[in-house]
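As provided, start_1.cif (mmCIF, C-alpha atoms) reads as follows.
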data_structure
#
loop_
_atom_site.label_atom_id
_atom_site.label_comp_id
_atom_site.auth_asym_id
_atom_site.auth_seq_id
_atom_site.Cartn_x
_atom_site.Cartn_y
_atom_site.Cartn_z
CA MET Q 1 28.70 40.96 7.25
CA PHE Q 2 25.65 39.40 5.64
CA GLY Q 3 27.87 37.07 3.60
CA TRP Q 4 29.69 35.87 6.72
CA MET Q 5 26.34 35.17 8.40
CA LEU Q 6 25.17 33.08 5.45
CA ALA Q 7 28.45 31.18 5.46
CA PHE Q 8 28.12 30.53 9.20
CA ILE Q 9 24.54 29.26 8.80
CA PHE Q 10 25.63 27.03 5.92
CA VAL Q 11 28.47 25.56 7.99
CA VAL Q 12 26.14 24.93 10.95
CA ILE Q 13 23.59 23.17 8.75
CA LEU Q 14 26.34 21.11 7.12
CA VAL Q 15 27.72 20.06 10.51
CA ILE Q 16 24.23 19.08 11.72
CA LEU Q 17 23.62 16.99 8.60
CA VAL Q 18 26.98 15.25 8.98
CA LEU Q 19 26.29 14.52 12.65
CA LEU Q 20 22.86 13.14 11.79
CA PHE Q 21 24.31 10.92 9.09
CA LEU Q 22 27.03 9.60 11.41
CA THR Q 23 24.73 9.16 14.42
CA PRO Q 24 25.22 5.59 15.69
CA ILE Q 25 22.07 3.65 16.49
CA GLY Q 26 22.17 0.52 18.62
CA ILE Q 27 19.23 -1.84 19.07
CA ASN Q 28 19.57 -4.39 21.86
CA ILE Q 29 16.98 -7.16 21.42
CA THR Q 30 16.25 -9.79 24.06
CA TYR Q 31 13.40 -12.28 23.68
CA GLU Q 32 12.54 -14.95 26.23
CA ARG Q 33 9.83 -17.59 26.23
CA THR Q 34 9.10 -19.91 29.12
CA ASN Q 35 6.26 -22.33 28.44
CA LEU Q 36 3.30 -19.96 27.79
CA GLU Q 37 4.95 -16.69 28.82
CA ASP Q 38 6.72 -14.40 26.33
CA GLN Q 39 8.82 -11.35 27.09
CA LEU Q 40 10.46 -8.98 24.63
CA LEU Q 41 12.87 -6.23 25.63
CA VAL Q 42 14.10 -3.70 23.06
CA VAL Q 43 16.65 -1.08 24.10
CA ILE Q 44 17.50 1.62 21.54
CA SER Q 45 20.62 3.68 22.17
CA ILE Q 46 21.60 6.85 20.32
CA TRP Q 47 25.14 8.20 20.67
CA PHE Q 48 25.62 5.69 23.51
CA PHE Q 49 24.00 7.97 26.11
CA ILE Q 50 20.40 8.42 24.91
CA THR Q 51 18.48 5.25 25.76
CA LEU Q 52 14.90 4.21 25.01
CA ARG Q 53 13.51 1.03 26.57
CA PHE Q 54 10.48 -0.90 25.37
CA LYS Q 55 9.29 -3.99 27.24
CA PHE Q 56 6.47 -6.24 26.09
CA SER Q 57 4.95 -9.21 27.89
CA PHE Q 58 2.60 -11.75 26.35
CA SER Q 59 0.74 -14.73 27.71
CA ASN Q 60 -0.98 -17.50 25.77
CA ARG Q 61 -3.20 -18.40 28.70
CA SER Q 62 -6.70 -17.74 27.41
CA SER Q 63 -9.50 -16.31 29.51
CA LYS Q 64 -12.96 -14.91 28.91
CA HIS Q 65 -11.73 -11.38 29.51
CA ASN Q 66 -8.84 -11.82 27.09
CA ARG Q 67 -11.12 -13.25 24.42
CA HIS Q 68 -13.44 -10.25 24.80
CA ASN Q 69 -10.51 -7.84 24.42
CA GLU Q 70 -9.24 -9.75 21.41
CA LYS Q 71 -12.66 -9.47 19.76
CA GLN Q 72 -12.70 -5.69 20.25
CA GLU Q 73 -9.14 -5.39 18.95
CA LYS Q 74 -10.04 -7.40 15.85
CA GLN Q 75 -13.00 -5.10 15.14
CA GLN Q 76 -10.81 -2.01 15.47
CA SER Q 77 -8.02 -3.48 13.38
CA GLY Q 78 -10.52 -4.43 10.67
CA ALA Q 79 -11.31 -0.78 10.01
CA LYS Q 80 -7.62 0.10 9.85
CA THR Q 81 -6.97 -2.81 7.51
CA GLY Q 82 -9.64 -1.54 5.13
CA MET Q 83 -7.89 1.83 4.94
CA LEU Q 84 -4.54 0.20 4.22
CA MET Q 85 -5.85 -2.17 1.56
CA LYS Q 86 -5.83 0.57 -1.07
CA TYR Q 87 -2.03 0.73 -0.77
CA VAL Q 88 -1.55 -3.02 -1.28
CA PRO Q 89 -1.45 -2.94 -5.13
CA LEU Q 90 1.11 -0.13 -5.01
CA LEU Q 91 3.27 -2.01 -2.52
CA LEU Q 92 3.08 -5.22 -4.54
CA GLU Q 93 4.04 -3.37 -7.69
CA GLY Q 94 7.03 -1.79 -6.00
CA LEU Q 95 8.03 -4.87 -4.02
CA PRO Q 96 11.18 -5.63 -6.07
CA GLU Q 97 12.43 -2.04 -5.76
CA ILE Q 98 11.58 -1.84 -2.05
CA LYS Q 99 13.24 -5.20 -1.45
CA ARG Q 100 16.40 -4.01 -3.18
CA VAL Q 101 16.52 -0.82 -1.07
CA ILE Q 102 16.02 -2.80 2.15
CA GLN Q 103 18.73 -5.30 1.20
CA GLN Q 104 21.18 -2.48 0.49
CA PHE Q 105 20.38 -0.94 3.88
CA MET Q 106 20.76 -4.27 5.69
CA ARG Q 107 24.33 -4.57 4.40
CA HIS Q 108 25.18 -1.63 6.65
CA ILE Q 109 23.73 -3.30 9.76
CA ARG Q 110 26.14 -5.03 12.10
CA CYS Q 111 24.91 -7.86 14.28
CA ARG Q 112 26.98 -8.82 17.30
CA ASP Q 113 26.60 -10.77 20.52
CA LEU Q 114 24.19 -13.18 18.83
CA GLN Q 115 22.99 -15.75 21.38
CA TRP Q 116 20.21 -18.29 21.22
CA GLN Q 117 19.67 -20.82 24.01
CA THR Q 118 16.86 -23.35 24.00
CA LYS Q 119 15.82 -25.90 26.61
CA ILE Q 120 12.99 -28.17 25.50
CA GLY Q 121 11.29 -31.47 26.14
CA VAL Q 122 8.13 -33.19 24.86
CA GLY Q 123 7.71 -35.87 27.51
CA ASP Q 124 9.56 -38.80 25.94
CA ALA Q 125 13.16 -39.35 24.95
CA ALA Q 126 12.56 -40.34 21.31
CA GLY Q 127 10.42 -37.33 20.47
CA THR Q 128 12.74 -34.98 22.33
CA GLY Q 129 15.79 -36.31 20.49
CA THR Q 130 14.13 -35.82 17.11
CA LEU Q 131 13.04 -32.31 18.02
CA ILE Q 132 16.53 -31.39 19.22
CA GLY Q 133 17.97 -32.29 15.82
CA MET Q 134 15.32 -30.22 14.03
CA ILE Q 135 16.05 -27.21 16.25
CA TRP Q 136 19.78 -27.40 15.57
CA GLY Q 137 19.09 -27.51 11.84
CA SER Q 138 16.68 -24.58 12.02
CA LYS Q 139 19.14 -22.45 13.97
CA SER Q 140 21.92 -23.18 11.49
CA LEU Q 141 19.66 -22.19 8.61
CA ILE Q 142 18.60 -18.95 10.29
CA VAL Q 143 22.22 -17.99 10.98
CA SER Q 144 23.10 -18.61 7.33
CA VAL Q 145 20.29 -16.28 6.25
CA LEU Q 146 21.36 -13.60 8.73
CA ALA Q 147 24.98 -13.85 7.60
CA HIS Q 148 23.84 -13.36 4.00
CA TYR Q 149 21.96 -10.12 4.69
CA LEU Q 150 23.70 -8.69 7.77
CA ARG Q 151 27.31 -8.25 8.85
CA LEU Q 152 27.83 -10.71 11.67
CA ILE Q 153 30.46 -9.63 14.19
CA GLY Q 154 31.87 -12.46 16.26
CA ILE Q 155 30.82 -16.09 16.48
CA PRO Q 156 27.14 -16.80 17.26
CA ARG Q 157 26.60 -18.75 20.48
CA PHE Q 158 23.90 -21.39 20.29
CA ASP Q 159 22.85 -24.03 22.77
CA VAL Q 160 20.09 -26.64 22.79
CA GLN Q 161 19.50 -28.64 25.97
CA PRO Q 162 17.06 -31.57 26.09
CA VAL Q 163 14.59 -32.21 28.90
CA TRP Q 164 13.95 -35.92 28.51
CA ASN Q 165 11.06 -36.73 30.85
CA SER Q 166 8.74 -33.70 30.90
CA ASN Q 167 7.04 -31.13 28.71
CA TYR Q 168 9.10 -27.98 28.95
CA LEU Q 169 10.08 -25.05 26.78
CA ARG Q 170 12.43 -22.20 27.50
CA THR Q 171 14.22 -20.20 24.85
CA ARG Q 172 16.22 -16.99 24.95
CA PHE Q 173 17.36 -14.96 21.96
CA HIS Q 174 19.65 -11.96 22.20
CA CYS Q 175 21.49 -9.79 19.69
CA ILE Q 176 22.70 -6.22 19.23
CA LEU Q 177 22.14 -4.43 15.91
CA THR Q 178 24.12 -1.29 15.11
CA PHE Q 179 23.98 1.05 12.12
CA GLN Q 180 24.30 4.71 11.23
CA LEU Q 181 21.21 6.87 11.12
CA GLY Q 182 22.19 8.24 7.72
CA HIS Q 183 21.86 4.86 6.02
CA ALA Q 184 18.37 4.42 7.47
CA MET Q 185 17.39 7.93 6.36
CA ILE Q 186 18.58 7.30 2.81
CA ALA Q 187 16.65 4.02 2.63
CA GLY Q 188 13.50 5.67 4.00
CA VAL Q 189 13.72 8.57 1.55
CA ARG Q 190 14.20 6.20 -1.38
CA ILE Q 191 11.18 4.11 -0.38
CA LEU Q 192 8.98 7.18 0.13
CA TYR Q 193 10.13 8.62 -3.20
CA TRP Q 194 9.25 5.41 -5.01
CA LEU Q 195 5.85 5.17 -3.31
CA ARG Q 196 5.03 8.76 -4.25
CA LYS Q 197 6.22 8.19 -7.80
CA GLY Q 198 4.15 5.02 -8.02
CA ARG Q 199 1.04 6.83 -6.77
CA GLU Q 200 1.49 9.56 -9.38
CA GLN Q 201 1.86 6.97 -12.14
CA GLN Q 202 -1.19 5.10 -10.87
CA TRP Q 203 -3.21 8.34 -10.80
CA GLN Q 204 -2.15 9.21 -14.36
CA THR Q 205 -3.06 5.76 -15.70
CA THR Q 206 -6.44 5.61 -13.94
CA PRO Q 207 -9.21 6.28 -16.51
CA SER Q 208 -11.39 9.25 -15.69
CA ARG Q 209 -15.09 8.79 -15.18
CA VAL Q 210 -17.44 11.05 -17.08
#
Translate this structure into C-alpha cells?
Amino acid sequence: MFGWMLAFIFVVILVILVLLFLTPIGINITYERTNLEDQLLVVISIWFFITLRFKFSFSNRSSKHNRHNEKQEKQQSGAKTGMLMKYVPLLLEGLPEIKRVIQQFMRHIRCRDLQWQTKIGVGDAAGTGTLIGMIWGSKSLIVSVLAHYLRLIGIPRFDVQPVWNSNYLRTRFHCILTFQLGHAMIAGVRILYWLRKGREQQWQTTPSRV
C-alpha cells in the first residue's frame, strides 16, 4: 500500500513538472506614441485562458510637479543603485555565459503578427523625405536583428507615411511573443547557478583581512 502511494505521488509530481514545462506563455505587446504621449500595453496569457494586463502611460510634457517627483525618484533610485553596484563586477565577468544562455532561450521564442506603422513629418518636404528613408532603413535593420535571434512567424508588416507640411509623430508597434515556460525556467536556473558559482569563486579568491 505504501509503495503504491509513493508511486502515485511520483506520477503526480511528474505530471505537474511536464505541464509546467509545456505551459504556453504568450506576451502581446502594443506600443503607441503620438507626439509627446506614450502608451504601452502588455498582455500576458497563460494556457490561453489566464490573462494578465499591464498598461503604462507616459507623457513628456514637463511641469513643476513632475520635476519634483522625478527628483524624489532619482534620490530613491540612487540608494537602490548603490546596493546593486556590488553585483556589477560579477555580472560583467559572467556576461559571455549569460549572453549565451539568453541567446539559446531566445531561439525558442516565436514572434508573430509583427506590425510597425509610423506617420511622421518635420515641417518641410526635404527634411521629411530624408527622415522617411532613414526610418525605412532602421526598421529593416531591426527586423534583420530580430530574425537572427527570434523565430519570426509570418511576414512583418511595416508602413511609413510622410506628413509633408507639419510637425507630427505617430508610431505604433505590435507583436506577439510565445514560448514554453520550461525553456524560460531552464534559462533562469542556469543564470542563477552561474551567478551563485561566480559569487563562491569570488569569495574564495578574496584575500582575508587580519
Extract, using all atoms listed in the file, all DNA, RNA and protein residues at most 12 Å from Ile50 in chain Q, discarding same-chain residues fewer than 6 positions from it, and format them as a tab-separated table (two decimals) with C-alpha atoms, in the frame of the given file.
chain	number	residue	atom	x	y	z
Q	23	THR	CA	24.73	9.16	14.42
Q	24	PRO	CA	25.22	5.59	15.69
Q	25	ILE	CA	22.07	3.65	16.49
Q	26	GLY	CA	22.17	0.52	18.62
Q	27	ILE	CA	19.23	-1.84	19.07
Q	43	VAL	CA	16.65	-1.08	24.10
Q	44	ILE	CA	17.50	1.62	21.54
field: Selection near Gln39 in chain Q, 8 Å with all atoms listed in the file, sequence-local residues under 6 positions removed, as an MDAnalysis selection string
entry: chainID Q and resid 31:33 55:58
- request: For the structure shown, which residues end up in the PyMOL selection byres ((chain Q and resi 103-116) around 9)? Put them as a ChimeraX atom specification, please?
  value: /Q:98-102,117-118,139,146-160,171-180,183-184,186-187
task: Do a neighbour search on Leu19 in chain Q at 12 Å with all atoms listed in the file, toss out local chain neighbours closer than 2 positions, and write the hits as a count of residues only.
output: 15
message: For a test of reading the model, state the distance in Å between CA of Met185 in chain Q and CA of Leu20 in chain Q, rounded to one decimal.
response: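 Computing it gives 9.3 Å between the two atoms.
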message: Let me make sure I understand: among Q:Ile142, Q:Thr51, Q:Val11, Q:Leu6, which one has the smallest atom-to-atom distance to Asn28 in chain Q if we use all atoms listed in the file?
response: Q:Thr51
Residues matched by the PyMOL selection byres ((chain Q and resi 35) around 10), written as a PDB file with C-alpha atoms, keeping the file's coordinate frame:
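What landed in out.pdb:
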ATOM      1  CA  GLU Q  32      12.540 -14.950  26.230  1.00  0.00           C
ATOM      2  CA  ARG Q  33       9.830 -17.590  26.230  1.00  0.00           C
ATOM      3  CA  THR Q  34       9.100 -19.910  29.120  1.00  0.00           C
ATOM      4  CA  LEU Q  36       3.300 -19.960  27.790  1.00  0.00           C
ATOM      5  CA  GLU Q  37       4.950 -16.690  28.820  1.00  0.00           C
ATOM      6  CA  ASP Q  38       6.720 -14.400  26.330  1.00  0.00           C
ATOM      7  CA  SER Q  59       0.740 -14.730  27.710  1.00  0.00           C
ATOM      8  CA  ASN Q  60      -0.980 -17.500  25.770  1.00  0.00           C
ATOM      9  CA  ILE Q 120      12.990 -28.170  25.500  1.00  0.00           C
ATOM     10  CA  ASN Q 167       7.040 -31.130  28.710  1.00  0.00           C
ATOM     11  CA  TYR Q 168       9.100 -27.980  28.950  1.00  0.00           C
ATOM     12  CA  LEU Q 169      10.080 -25.050  26.780  1.00  0.00           C
ATOM     13  CA  ARG Q 170      12.430 -22.200  27.500  1.00  0.00           C
ATOM     14  CA  THR Q 171      14.220 -20.200  24.850  1.00  0.00           C
TER      15      THR Q 171
END
task: Give me, please, the distance in Å between CA of Tyr193 in chain Q and CA of Val42 in chain Q, quoted to one decimal.
output: 29.3 Å
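Proximity of Q:Arg190, Q:Leu40, Q:Asn165, Q:Phe10 to Val122 in chain Q, computed with all atoms listed in the file, is greatest for Q:Asn165.
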